[in-house]
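> Before I ask anything, let me first share the structure, which is written out below as structure tokens.
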Amino acid sequence: FGAGYMLRRRIYKDIDRLEAWKIEIMNRSIIDELSKVKELKMVGQAEELFEQWRNEWDEIITTQLPEVEELLFDAEDFSDKYRFKKSKNVLEHIENVLKTVDENIDKIIDEINELVSSEEKNTVESEEIKQQFKKVKKTLLAHSHQFGKAHTKLEEIVAEISDGLKDFDSETNVGNYLIAREILVKQKGELDILQ
């Protein structure tokens with residue numbers, strides 16, 4: 001009886017810990033994070049990612065966490081019936097589910113932050129890069145005679161960068177902020193080399 005009491009107490013302690021973890025997961029601010037995405041232009045990639053993240057969050061709230069709740073009751077029930085091994089197995093399964101859910105939430109938050117920061121960086125850096133591009137183009141036009149045979153090749157590079165910046169603008173306009181970020185970084189590198 002004493003051993004059974006001690007084992008049950010230990011299992012109840014684990015159940016309480018997992019219940020607290022489940023509540024903490026439910027209280028995570030995914031909705032606040034998702035609202036940051038809504039401030040962006042909700043088309044293209046931004047809209048797709050938003051829907052994906054919202055669906056993943058809905059899956060967690062409507063399926064995985066209620067399943068955990070049921071499993072916690074099962075573990076408690078097994079413990080009350082002195083089926084400690086079965087109760088332990090259920091608790092291990094719950095812990096794995098909660099760990100996976102926690103990792104998924106962290107991944108979603110990281111992806112949201114990457115998207116939002118890409119948009120912010122794009123806004124700031126694109127102005128700087130466009131100013132740098134105007135300077136380079138102006139220098140090339142003003143001193144074209146000094147470049148000799150290289151002038152034609154430099155003109156081609158300027159045209160490629162110009163096209164790249166147009167691609168950046170069009171990707172930004174359709175909400176593909178991550179793709180736009182890649183294009184902008186590439187054009188910045190090309191522009192630095194050209195300069």
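Order determines the names: the first chain of the structure tokens is A, the second B, and so forth; residues in each chain are numbered 1 upward, and ligands are numbered 1 upward as they are shown.
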Give me, as a JSON list (two decimals) with all heavy atoms, in the first residue's frame, all polymer residues having an atom no more than 12 Å from region 170-186 of chain A, counting only C-alpha atoms and skipping those fewer than 4 positions away in the same chain.

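Printed below is selection_26.json as written:
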```json
[["chain", "number", "residue", "atom", "x", "y", "z"],
["A", 37, "VAL", "N", 2.14, 39.82, -38.86],
["A", 37, "VAL", "CA", 2.12, 39.48, -40.28],
["A", 37, "VAL", "C", 0.96, 40.19, -40.97],
["A", 37, "VAL", "O", 1.07, 40.61, -42.12],
["A", 37, "VAL", "CB", 2.02, 37.95, -40.48],
["A", 37, "VAL", "CG1", 1.94, 37.59, -41.96],
["A", 37, "VAL", "CG2", 3.21, 37.26, -39.84],
["A", 38, "LYS", "N", -0.17, 40.34, -40.27],
["A", 38, "LYS", "CA", -1.34, 40.98, -40.86],
["A", 38, "LYS", "C", -1.06, 42.43, -41.24],
["A", 38, "LYS", "O", -1.75, 42.99, -42.09],
["A", 38, "LYS", "CB", -2.53, 40.92, -39.91],
["A", 38, "LYS", "CG", -3.24, 39.59, -39.94],
["A", 38, "LYS", "CD", -4.57, 39.70, -39.27],
["A", 38, "LYS", "CE", -5.42, 38.52, -39.66],
["A", 38, "LYS", "NZ", -6.74, 38.58, -39.13],
["A", 39, "GLU", "N", -0.05, 43.04, -40.60],
["A", 39, "GLU", "CA", 0.29, 44.42, -40.92],
["A", 39, "GLU", "C", 1.01, 44.53, -42.27],
["A", 39, "GLU", "O", 1.09, 45.60, -42.85],
["A", 39, "GLU", "CB", 1.18, 45.02, -39.81],
["A", 39, "GLU", "CG", 0.43, 45.17, -38.50],
["A", 39, "GLU", "CD", 1.35, 45.53, -37.34],
["A", 39, "GLU", "OE1", 2.51, 45.93, -37.58],
["A", 39, "GLU", "OE2", 0.89, 45.40, -36.19],
["A", 40, "LEU", "N", 1.54, 43.40, -42.76],
["A", 40, "LEU", "CA", 2.20, 43.39, -44.07],
["A", 40, "LEU", "C", 1.14, 43.32, -45.16],
["A", 40, "LEU", "O", -0.04, 43.09, -44.89],
["A", 40, "LEU", "CB", 3.12, 42.17, -44.18],
["A", 40, "LEU", "CG", 4.21, 42.01, -43.11],
["A", 40, "LEU", "CD1", 4.96, 40.71, -43.34],
["A", 40, "LEU", "CD2", 5.16, 43.18, -43.13],
["A", 41, "LYS", "N", 1.58, 43.48, -46.39],
["A", 41, "LYS", "CA", 0.67, 43.34, -47.53],
["A", 41, "LYS", "C", 0.33, 41.85, -47.64],
["A", 41, "LYS", "O", 1.19, 41.03, -47.91],
["A", 41, "LYS", "CB", 1.36, 43.84, -48.79],
["A", 41, "LYS", "CG", 0.42, 44.03, -49.95],
["A", 41, "LYS", "CD", 1.16, 44.53, -51.17],
["A", 41, "LYS", "CE", 1.52, 46.00, -51.00],
["A", 41, "LYS", "NZ", 2.15, 46.57, -52.18],
["A", 42, "MET", "N", -0.94, 41.52, -47.40],
["A", 42, "MET", "CA", -1.36, 40.11, -47.33],
["A", 42, "MET", "C", -1.68, 39.54, -48.72],
["A", 42, "MET", "O", -2.84, 39.30, -49.05],
["A", 42, "MET", "CB", -2.56, 39.96, -46.40],
["A", 42, "MET", "CG", -2.23, 40.18, -44.94],
["A", 42, "MET", "SD", -1.04, 39.00, -44.33],
["A", 42, "MET", "CE", -2.01, 37.53, -44.32],
["A", 43, "VAL", "N", -0.63, 39.35, -49.50],
["A", 43, "VAL", "CA", -0.76, 38.69, -50.79],
["A", 43, "VAL", "C", 0.46, 37.80, -50.98],
["A", 43, "VAL", "O", 1.44, 37.90, -50.24],
["A", 43, "VAL", "CB", -0.85, 39.71, -51.97],
["A", 43, "VAL", "CG1", -2.14, 40.47, -51.95],
["A", 43, "VAL", "CG2", 0.33, 40.67, -51.95],
["A", 44, "GLY", "N", 0.40, 36.92, -51.94],
["A", 44, "GLY", "CA", 1.55, 36.09, -52.30],
["A", 44, "GLY", "C", 2.09, 35.27, -51.15],
["A", 44, "GLY", "O", 1.35, 34.64, -50.41],
["A", 45, "GLN", "N", 3.41, 35.30, -51.03],
["A", 45, "GLN", "CA", 4.11, 34.48, -50.04],
["A", 45, "GLN", "C", 3.66, 34.81, -48.62],
["A", 45, "GLN", "O", 3.48, 33.90, -47.81],
["A", 45, "GLN", "CB", 5.61, 34.72, -50.21],
["A", 45, "GLN", "CG", 6.49, 33.80, -49.40],
["A", 45, "GLN", "CD", 7.96, 34.13, -49.61],
["A", 45, "GLN", "OE1", 8.34, 35.30, -49.71],
["A", 45, "GLN", "NE2", 8.78, 33.11, -49.68],
["A", 46, "ALA", "N", 3.48, 36.08, -48.31],
["A", 46, "ALA", "CA", 3.08, 36.47, -46.96],
["A", 46, "ALA", "C", 1.73, 35.85, -46.61],
["A", 46, "ALA", "O", 1.54, 35.34, -45.50],
["A", 46, "ALA", "CB", 3.01, 37.99, -46.85],
["A", 47, "GLU", "N", 0.80, 35.87, -47.55],
["A", 47, "GLU", "CA", -0.53, 35.30, -47.30],
["A", 47, "GLU", "C", -0.45, 33.78, -47.14],
["A", 47, "GLU", "O", -1.08, 33.22, -46.23],
["A", 47, "GLU", "CB", -1.47, 35.66, -48.45],
["A", 47, "GLU", "CG", -2.90, 35.22, -48.21],
["A", 47, "GLU", "CD", -3.83, 35.64, -49.34],
["A", 47, "GLU", "OE1", -3.36, 35.78, -50.49],
["A", 47, "GLU", "OE2", -5.01, 35.82, -49.06],
["A", 48, "GLU", "N", 0.33, 33.12, -48.00],
["A", 48, "GLU", "CA", 0.48, 31.67, -47.91],
["A", 48, "GLU", "C", 1.07, 31.26, -46.57],
["A", 48, "GLU", "O", 0.58, 30.34, -45.91],
["A", 48, "GLU", "CB", 1.39, 31.15, -49.03],
["A", 48, "GLU", "CG", 0.79, 31.17, -50.40],
["A", 48, "GLU", "CD", 1.82, 30.88, -51.48],
["A", 48, "GLU", "OE1", 2.86, 30.24, -51.18],
["A", 48, "GLU", "OE2", 1.59, 31.30, -52.63],
["A", 49, "LEU", "N", 2.14, 31.94, -46.16],
["A", 49, "LEU", "CA", 2.78, 31.62, -44.89],
["A", 49, "LEU", "C", 1.84, 31.88, -43.72],
["A", 49, "LEU", "O", 1.77, 31.09, -42.78],
["A", 49, "LEU", "CB", 4.08, 32.41, -44.73],
["A", 49, "LEU", "CG", 5.23, 31.99, -45.65],
["A", 49, "LEU", "CD1", 6.38, 32.98, -45.56],
["A", 49, "LEU", "CD2", 5.70, 30.59, -45.31],
["A", 50, "PHE", "N", 1.11, 33.00, -43.79],
["A", 50, "PHE", "CA", 0.16, 33.32, -42.73],
["A", 50, "PHE", "C", -0.88, 32.21, -42.58],
["A", 50, "PHE", "O", -1.16, 31.76, -41.47],
["A", 50, "PHE", "CB", -0.54, 34.65, -43.02],
["A", 50, "PHE", "CG", -1.59, 35.01, -42.01],
["A", 50, "PHE", "CD1", -1.24, 35.55, -40.78],
["A", 50, "PHE", "CD2", -2.94, 34.78, -42.26],
["A", 50, "PHE", "CE1", -2.20, 35.87, -39.84],
["A", 50, "PHE", "CE2", -3.91, 35.09, -41.33],
["A", 50, "PHE", "CZ", -3.54, 35.64, -40.12],
["A", 111, "GLU", "N", 9.92, 31.88, -37.87],
["A", 111, "GLU", "CA", 9.59, 32.17, -39.27],
["A", 111, "GLU", "C", 8.84, 33.50, -39.40],
["A", 111, "GLU", "O", 9.08, 34.26, -40.34],
["A", 111, "GLU", "CB", 8.77, 31.03, -39.86],
["A", 111, "GLU", "CG", 9.58, 29.76, -40.09],
["A", 111, "GLU", "CD", 8.74, 28.57, -40.53],
["A", 111, "GLU", "OE1", 7.49, 28.68, -40.56],
["A", 111, "GLU", "OE2", 9.33, 27.53, -40.84],
["A", 112, "ILE", "N", 7.93, 33.77, -38.46],
["A", 112, "ILE", "CA", 7.20, 35.04, -38.48],
["A", 112, "ILE", "C", 8.18, 36.20, -38.32],
["A", 112, "ILE", "O", 8.13, 37.18, -39.08],
["A", 112, "ILE", "CB", 6.13, 35.08, -37.36],
["A", 112, "ILE", "CG1", 4.98, 34.13, -37.71],
["A", 112, "ILE", "CG2", 5.61, 36.50, -37.16],
["A", 112, "ILE", "CD1", 3.98, 33.94, -36.58],
["A", 113, "ASN", "N", 9.08, 36.07, -37.35],
["A", 113, "ASN", "CA", 10.06, 37.14, -37.12],
["A", 113, "ASN", "C", 10.96, 37.35, -38.34],
["A", 113, "ASN", "O", 11.31, 38.48, -38.68],
["A", 113, "ASN", "CB", 10.89, 36.85, -35.87],
["A", 113, "ASN", "CG", 10.08, 37.01, -34.61],
["A", 113, "ASN", "OD1", 9.09, 37.75, -34.57],
["A", 113, "ASN", "ND2", 10.45, 36.30, -33.57],
["A", 114, "GLU", "N", 11.32, 36.24, -39.01],
["A", 114, "GLU", "CA", 12.16, 36.36, -40.21],
["A", 114, "GLU", "C", 11.42, 37.11, -41.31],
["A", 114, "GLU", "O", 11.99, 37.99, -41.96],
["A", 114, "GLU", "CB", 12.55, 34.96, -40.70],
["A", 114, "GLU", "CG", 13.47, 35.00, -41.90],
["A", 114, "GLU", "CD", 13.78, 33.61, -42.47],
["A", 114, "GLU", "OE1", 13.41, 32.60, -41.85],
["A", 114, "GLU", "OE2", 14.38, 33.57, -43.56],
["A", 115, "LEU", "N", 10.14, 36.78, -41.49],
["A", 115, "LEU", "CA", 9.35, 37.45, -42.54],
["A", 115, "LEU", "C", 9.20, 38.94, -42.23],
["A", 115, "LEU", "O", 9.45, 39.78, -43.09],
["A", 115, "LEU", "CB", 7.97, 36.80, -42.66],
["A", 115, "LEU", "CG", 7.06, 37.42, -43.72],
["A", 115, "LEU", "CD1", 7.57, 37.10, -45.12],
["A", 115, "LEU", "CD2", 5.64, 36.92, -43.56],
["A", 116, "VAL", "N", 8.83, 39.25, -41.00],
["A", 116, "VAL", "CA", 8.60, 40.66, -40.62],
["A", 116, "VAL", "C", 9.90, 41.45, -40.70],
["A", 116, "VAL", "O", 9.93, 42.56, -41.22],
["A", 116, "VAL", "CB", 7.98, 40.74, -39.20],
["A", 116, "VAL", "CG1", 7.93, 42.18, -38.71],
["A", 116, "VAL", "CG2", 6.57, 40.14, -39.21],
["A", 117, "SER", "N", 11.01, 40.86, -40.20],
["A", 117, "SER", "CA", 12.28, 41.58, -40.25],
["A", 117, "SER", "C", 12.78, 41.74, -41.67],
["A", 117, "SER", "O", 13.40, 42.75, -42.01],
["A", 117, "SER", "CB", 13.33, 40.91, -39.37],
["A", 117, "SER", "OG", 13.75, 39.69, -39.93],
["A", 118, "SER", "N", 12.49, 40.76, -42.54],
["A", 118, "SER", "CA", 12.88, 40.89, -43.95],
["A", 118, "SER", "C", 12.19, 42.09, -44.57],
["A", 118, "SER", "O", 12.82, 42.87, -45.29],
["A", 118, "SER", "CB", 12.49, 39.64, -44.74],
["A", 118, "SER", "OG", 13.37, 38.59, -44.47],
["A", 119, "GLU", "N", 10.91, 42.23, -44.29],
["A", 119, "GLU", "CA", 10.16, 43.36, -44.84],
["A", 119, "GLU", "C", 10.72, 44.68, -44.33],
["A", 119, "GLU", "O", 10.91, 45.63, -45.09],
["A", 119, "GLU", "CB", 8.67, 43.22, -44.48],
["A", 119, "GLU", "CG", 7.76, 44.16, -45.24],
["A", 119, "GLU", "CD", 7.62, 45.52, -44.58],
["A", 119, "GLU", "OE1", 7.84, 45.63, -43.35],
["A", 119, "GLU", "OE2", 7.29, 46.49, -45.28],
["A", 120, "GLU", "N", 11.03, 44.74, -43.03],
["A", 120, "GLU", "CA", 11.57, 45.98, -42.44],
["A", 120, "GLU", "C", 12.94, 46.31, -43.03],
["A", 120, "GLU", "O", 13.21, 47.46, -43.40],
["A", 120, "GLU", "CB", 11.66, 45.84, -40.92],
["A", 120, "GLU", "CG", 10.31, 45.81, -40.22],
["A", 120, "GLU", "CD", 10.39, 45.39, -38.77],
["A", 120, "GLU", "OE1", 11.49, 45.04, -38.28],
["A", 120, "GLU", "OE2", 9.34, 45.38, -38.11],
["A", 121, "LYS", "N", 13.81, 45.29, -43.11],
["A", 121, "LYS", "CA", 15.15, 45.51, -43.67],
["A", 121, "LYS", "C", 15.06, 45.93, -45.13],
["A", 121, "LYS", "O", 15.80, 46.80, -45.58],
["A", 121, "LYS", "CB", 15.99, 44.24, -43.56],
["A", 121, "LYS", "CG", 16.47, 43.91, -42.17],
["A", 121, "LYS", "CD", 17.25, 42.60, -42.21],
["A", 121, "LYS", "CE", 17.55, 42.10, -40.82],
["A", 121, "LYS", "NZ", 18.12, 40.74, -40.84],
["A", 122, "ASN", "N", 14.15, 45.27, -45.87],
["A", 122, "ASN", "CA", 13.99, 45.61, -47.29],
["A", 122, "ASN", "C", 13.63, 47.08, -47.47],
["A", 122, "ASN", "O", 14.17, 47.75, -48.35],
["A", 122, "ASN", "CB", 12.89, 44.74, -47.94],
["A", 122, "ASN", "CG", 13.34, 43.32, -48.16],
["A", 122, "ASN", "OD1", 14.49, 42.98, -47.97],
["A", 122, "ASN", "ND2", 12.41, 42.48, -48.56],
["A", 123, "THR", "N", 12.72, 47.56, -46.63],
["A", 123, "THR", "CA", 12.27, 48.94, -46.74],
["A", 123, "THR", "C", 13.44, 49.90, -46.55],
["A", 123, "THR", "O", 13.64, 50.83, -47.34],
["A", 123, "THR", "CB", 11.17, 49.23, -45.70],
["A", 123, "THR", "OG1", 10.11, 48.30, -45.90],
["A", 123, "THR", "CG2", 10.63, 50.64, -45.84],
["A", 124, "VAL", "N", 14.22, 49.66, -45.51],
["A", 124, "VAL", "CA", 15.34, 50.56, -45.19],
["A", 124, "VAL", "C", 16.45, 50.43, -46.23],
["A", 124, "VAL", "O", 16.91, 51.42, -46.80],
["A", 124, "VAL", "CB", 15.89, 50.25, -43.78],
["A", 124, "VAL", "CG1", 17.16, 51.04, -43.50],
["A", 124, "VAL", "CG2", 14.84, 50.54, -42.72],
["A", 125, "GLU", "N", 16.89, 49.19, -46.47],
["A", 125, "GLU", "CA", 18.05, 48.98, -47.33],
["A", 125, "GLU", "C", 17.77, 49.29, -48.80],
["A", 125, "GLU", "O", 18.67, 49.71, -49.53],
["A", 125, "GLU", "CB", 18.55, 47.54, -47.20],
["A", 125, "GLU", "CG", 19.19, 47.27, -45.84],
["A", 125, "GLU", "CD", 19.64, 45.83, -45.68],
["A", 125, "GLU", "OE1", 19.78, 45.11, -46.71],
["A", 125, "GLU", "OE2", 19.85, 45.42, -44.54],
["A", 126, "SER", "N", 16.53, 49.09, -49.24],
["A", 126, "SER", "CA", 16.25, 49.34, -50.66],
["A", 126, "SER", "C", 16.47, 50.81, -51.01],
["A", 126, "SER", "O", 16.96, 51.13, -52.09],
["A", 126, "SER", "CB", 14.83, 48.90, -51.03],
["A", 126, "SER", "OG", 13.86, 49.72, -50.41],
["A", 127, "GLU", "N", 16.12, 51.70, -50.09],
["A", 127, "GLU", "CA", 16.35, 53.14, -50.34],
["A", 127, "GLU", "C", 17.83, 53.44, -50.47],
["A", 127, "GLU", "O", 18.25, 54.17, -51.37],
["A", 127, "GLU", "CB", 15.71, 53.99, -49.24],
["A", 127, "GLU", "CG", 14.20, 54.03, -49.28],
["A", 127, "GLU", "CD", 13.66, 54.45, -50.64],
["A", 127, "GLU", "OE1", 14.13, 55.46, -51.21],
["A", 127, "GLU", "OE2", 12.76, 53.74, -51.16],
["A", 128, "GLU", "N", 18.62, 52.85, -49.56],
["A", 128, "GLU", "CA", 20.08, 53.08, -49.60],
["A", 128, "GLU", "C", 20.66, 52.54, -50.90],
["A", 128, "GLU", "O", 21.48, 53.20, -51.56],
["A", 128, "GLU", "CB", 20.76, 52.39, -48.42],
["A", 128, "GLU", "CG", 20.38, 52.95, -47.06],
["A", 128, "GLU", "CD", 20.87, 52.07, -45.91],
["A", 128, "GLU", "OE1", 21.60, 51.09, -46.16],
["A", 128, "GLU", "OE2", 20.52, 52.38, -44.76],
["A", 129, "ILE", "N", 20.23, 51.34, -51.28],
["A", 129, "ILE", "CA", 20.77, 50.70, -52.48],
["A", 129, "ILE", "C", 20.36, 51.48, -53.73],
["A", 129, "ILE", "O", 21.17, 51.66, -54.65],
["A", 129, "ILE", "CB", 20.32, 49.22, -52.55],
["A", 129, "ILE", "CG1", 21.04, 48.44, -51.45],
["A", 129, "ILE", "CG2", 20.59, 48.61, -53.91],
["A", 129, "ILE", "CD1", 20.54, 47.03, -51.25],
["A", 130, "LYS", "N", 19.13, 51.96, -53.75],
["A", 130, "LYS", "CA", 18.69, 52.74, -54.92],
["A", 130, "LYS", "C", 19.46, 54.06, -55.04],
["A", 130, "LYS", "O", 19.79, 54.50, -56.15],
["A", 130, "LYS", "CB", 17.17, 52.99, -54.85],
["A", 130, "LYS", "CG", 16.38, 51.72, -55.18],
["A", 130, "LYS", "CD", 14.90, 51.89, -54.99],
["A", 130, "LYS", "CE", 14.19, 50.57, -55.27],
["A", 130, "LYS", "NZ", 12.76, 50.63, -55.02],
["A", 160, "GLU", "N", 21.61, 45.12, -65.74],
["A", 160, "GLU", "CA", 21.24, 43.92, -64.98],
["A", 160, "GLU", "C", 20.82, 44.29, -63.56],
["A", 160, "GLU", "O", 19.83, 43.76, -63.04],
["A", 160, "GLU", "CB", 22.41, 42.93, -64.93],
["A", 160, "GLU", "CG", 22.67, 42.22, -66.24],
["A", 160, "GLU", "CD", 23.96, 41.39, -66.21],
["A", 160, "GLU", "OE1", 24.52, 41.15, -65.12],
["A", 160, "GLU", "OE2", 24.41, 40.99, -67.31],
["A", 161, "ILE", "N", 21.55, 45.19, -62.94],
["A", 161, "ILE", "CA", 21.21, 45.63, -61.58],
["A", 161, "ILE", "C", 19.86, 46.35, -61.60],
["A", 161, "ILE", "O", 19.02, 46.14, -60.72],
["A", 161, "ILE", "CB", 22.33, 46.51, -60.97],
["A", 161, "ILE", "CG1", 23.59, 45.66, -60.74],
["A", 161, "ILE", "CG2", 21.86, 47.14, -59.67],
["A", 161, "ILE", "CD1", 24.81, 46.44, -60.31],
["A", 162, "SER", "N", 19.66, 47.16, -62.61],
["A", 162, "SER", "CA", 18.38, 47.88, -62.75],
["A", 162, "SER", "C", 17.22, 46.88, -62.85],
["A", 162, "SER", "O", 16.19, 47.03, -62.19],
["A", 162, "SER", "CB", 18.42, 48.77, -63.98],
["A", 162, "SER", "OG", 17.18, 49.40, -64.16],
["A", 163, "ASP", "N", 17.41, 45.84, -63.67],
["A", 163, "ASP", "CA", 16.38, 44.79, -63.78],
["A", 163, "ASP", "C", 16.17, 44.09, -62.45],
["A", 163, "ASP", "O", 15.03, 43.78, -62.07],
["A", 163, "ASP", "CB", 16.77, 43.77, -64.86],
["A", 163, "ASP", "CG", 16.73, 44.34, -66.27],
["A", 163, "ASP", "OD1", 16.10, 45.41, -66.45],
["A", 163, "ASP", "OD2", 17.33, 43.73, -67.18],
["A", 164, "GLY", "N", 17.27, 43.82, -61.75],
["A", 164, "GLY", "CA", 17.17, 43.17, -60.44],
["A", 164, "GLY", "C", 16.38, 44.01, -59.46],
["A", 164, "GLY", "O", 15.55, 43.49, -58.70],
["A", 165, "LEU", "N", 16.60, 45.32, -59.46],
["A", 165, "LEU", "CA", 15.86, 46.21, -58.56],
["A", 165, "LEU", "C", 14.37, 46.26, -58.93],
["A", 165, "LEU", "O", 13.51, 46.35, -58.06],
["A", 165, "LEU", "CB", 16.48, 47.61, -58.55],
["A", 165, "LEU", "CG", 17.87, 47.70, -57.91],
["A", 165, "LEU", "CD1", 18.46, 49.09, -58.09],
["A", 165, "LEU", "CD2", 17.83, 47.31, -56.45],
["A", 166, "LYS", "N", 14.09, 46.16, -60.24],
["A", 166, "LYS", "CA", 12.68, 46.10, -60.67],
["A", 166, "LYS", "C", 12.03, 44.80, -60.19],
["A", 166, "LYS", "O", 10.89, 44.80, -59.73],
["A", 166, "LYS", "CB", 12.58, 46.21, -62.20],
["A", 166, "LYS", "CG", 12.85, 47.61, -62.72],
["A", 166, "LYS", "CD", 12.86, 47.63, -64.24],
["A", 166, "LYS", "CE", 13.32, 49.00, -64.74],
["A", 166, "LYS", "NZ", 13.63, 48.99, -66.16],
["A", 190, "GLU", "N", 26.25, 42.89, -56.13],
["A", 190, "GLU", "CA", 26.63, 43.25, -57.51],
["A", 190, "GLU", "C", 26.99, 44.74, -57.59],
["A", 190, "GLU", "O", 27.94, 45.13, -58.26],
["A", 190, "GLU", "CB", 25.45, 42.98, -58.47],
["A", 190, "GLU", "CG", 25.07, 41.53, -58.61],
["A", 190, "GLU", "CD", 26.08, 40.71, -59.37],
["A", 190, "GLU", "OE1", 26.72, 41.26, -60.28],
["A", 190, "GLU", "OE2", 26.24, 39.51, -59.03],
["A", 191, "LEU", "N", 26.21, 45.56, -56.90],
["A", 191, "LEU", "CA", 26.43, 47.01, -56.93],
["A", 191, "LEU", "C", 27.76, 47.37, -56.25],
["A", 191, "LEU", "O", 28.49, 48.23, -56.75],
["A", 191, "LEU", "CB", 25.26, 47.70, -56.24],
["A", 191, "LEU", "CG", 25.09, 49.20, -56.45],
["A", 191, "LEU", "CD1", 25.02, 49.54, -57.93],
["A", 191, "LEU", "CD2", 23.82, 49.68, -55.75],
["A", 192, "ASP", "N", 28.05, 46.70, -55.14],
["A", 192, "ASP", "CA", 29.34, 46.95, -54.45],
["A", 192, "ASP", "C", 30.51, 46.59, -55.36],
["A", 192, "ASP", "O", 31.49, 47.34, -55.43],
["A", 192, "ASP", "CB", 29.40, 46.15, -53.15],
["A", 192, "ASP", "CG", 28.48, 46.70, -52.08],
["A", 192, "ASP", "OD1", 28.01, 47.85, -52.23],
["A", 192, "ASP", "OD2", 28.20, 45.98, -51.10],
["A", 193, "ILE", "N", 30.38, 45.47, -56.06],
["A", 193, "ILE", "CA", 31.45, 45.05, -56.99],
["A", 193, "ILE", "C", 31.60, 46.08, -58.10],
["A", 193, "ILE", "O", 32.70, 46.50, -58.45],
["A", 193, "ILE", "CB", 31.17, 43.64, -57.57],
["A", 193, "ILE", "CG1", 31.29, 42.59, -56.48],
["A", 193, "ILE", "CG2", 32.11, 43.34, -58.73],
["A", 193, "ILE", "CD1", 30.76, 41.22, -56.87]]
```
> Mind giving me the straight-line distance from CA of Lys99 (chain A) to CA of Lys81 (chain A) in Å, one decimal?
27.4 Å
> Looking at A:Ala3, A:Ile61, A:Leu72, A:Ile108, which one is nearest to Met26 (chain A), with distances taken over only C-alpha atoms?
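Result for the nearest residue to Met26 (chain A): A:Ile61.
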> So which one's closest to Arg17 (chain A), A:Asp58, A:Asp80, A:Glu156, A:Glu95? Using only C-alpha atoms, please.
A:Glu95
> Using only C-alpha atoms, can you tell me which of A:Tyr12, A:Phe1, A:Phe168, A:Trp57 comes closest to Asp106 (chain A)?
A:Trp57
> Distance CA of Asn89 (chain A)-CA of Thr62 (chain A), one decimal place?
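So the answer is 23.4 Å.
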> Ranking A:Ile30, A:Leu91, A:Lys188, A:Ile157 by minimum distance to Leu71 (chain A) and counting only C-alpha atoms, which one comes first?
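Checking each candidate against Leu71 (chain A), we get A:Leu91 as the closest.
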> Quick one: pull the distance between CA of Glu56 (chain A) and CA of Glu70 (chain A), Å, one decimal.
20.2 Å
> Return the single residue from A:Asp110, A:Asp32, A:Asp102, A:Asp14 that is closest to Leu65 (chain A), with distances computed using only C-alpha atoms.
A:Asp102
> What's around region 136-148 of chain A at 9 Å? Count only C-alpha atoms, leave out sequence neighbours fewer than 6 positions away in its own chain, and write the answer as a PyMOL selection string.
chain A and resi 154-155+158+191+194-195
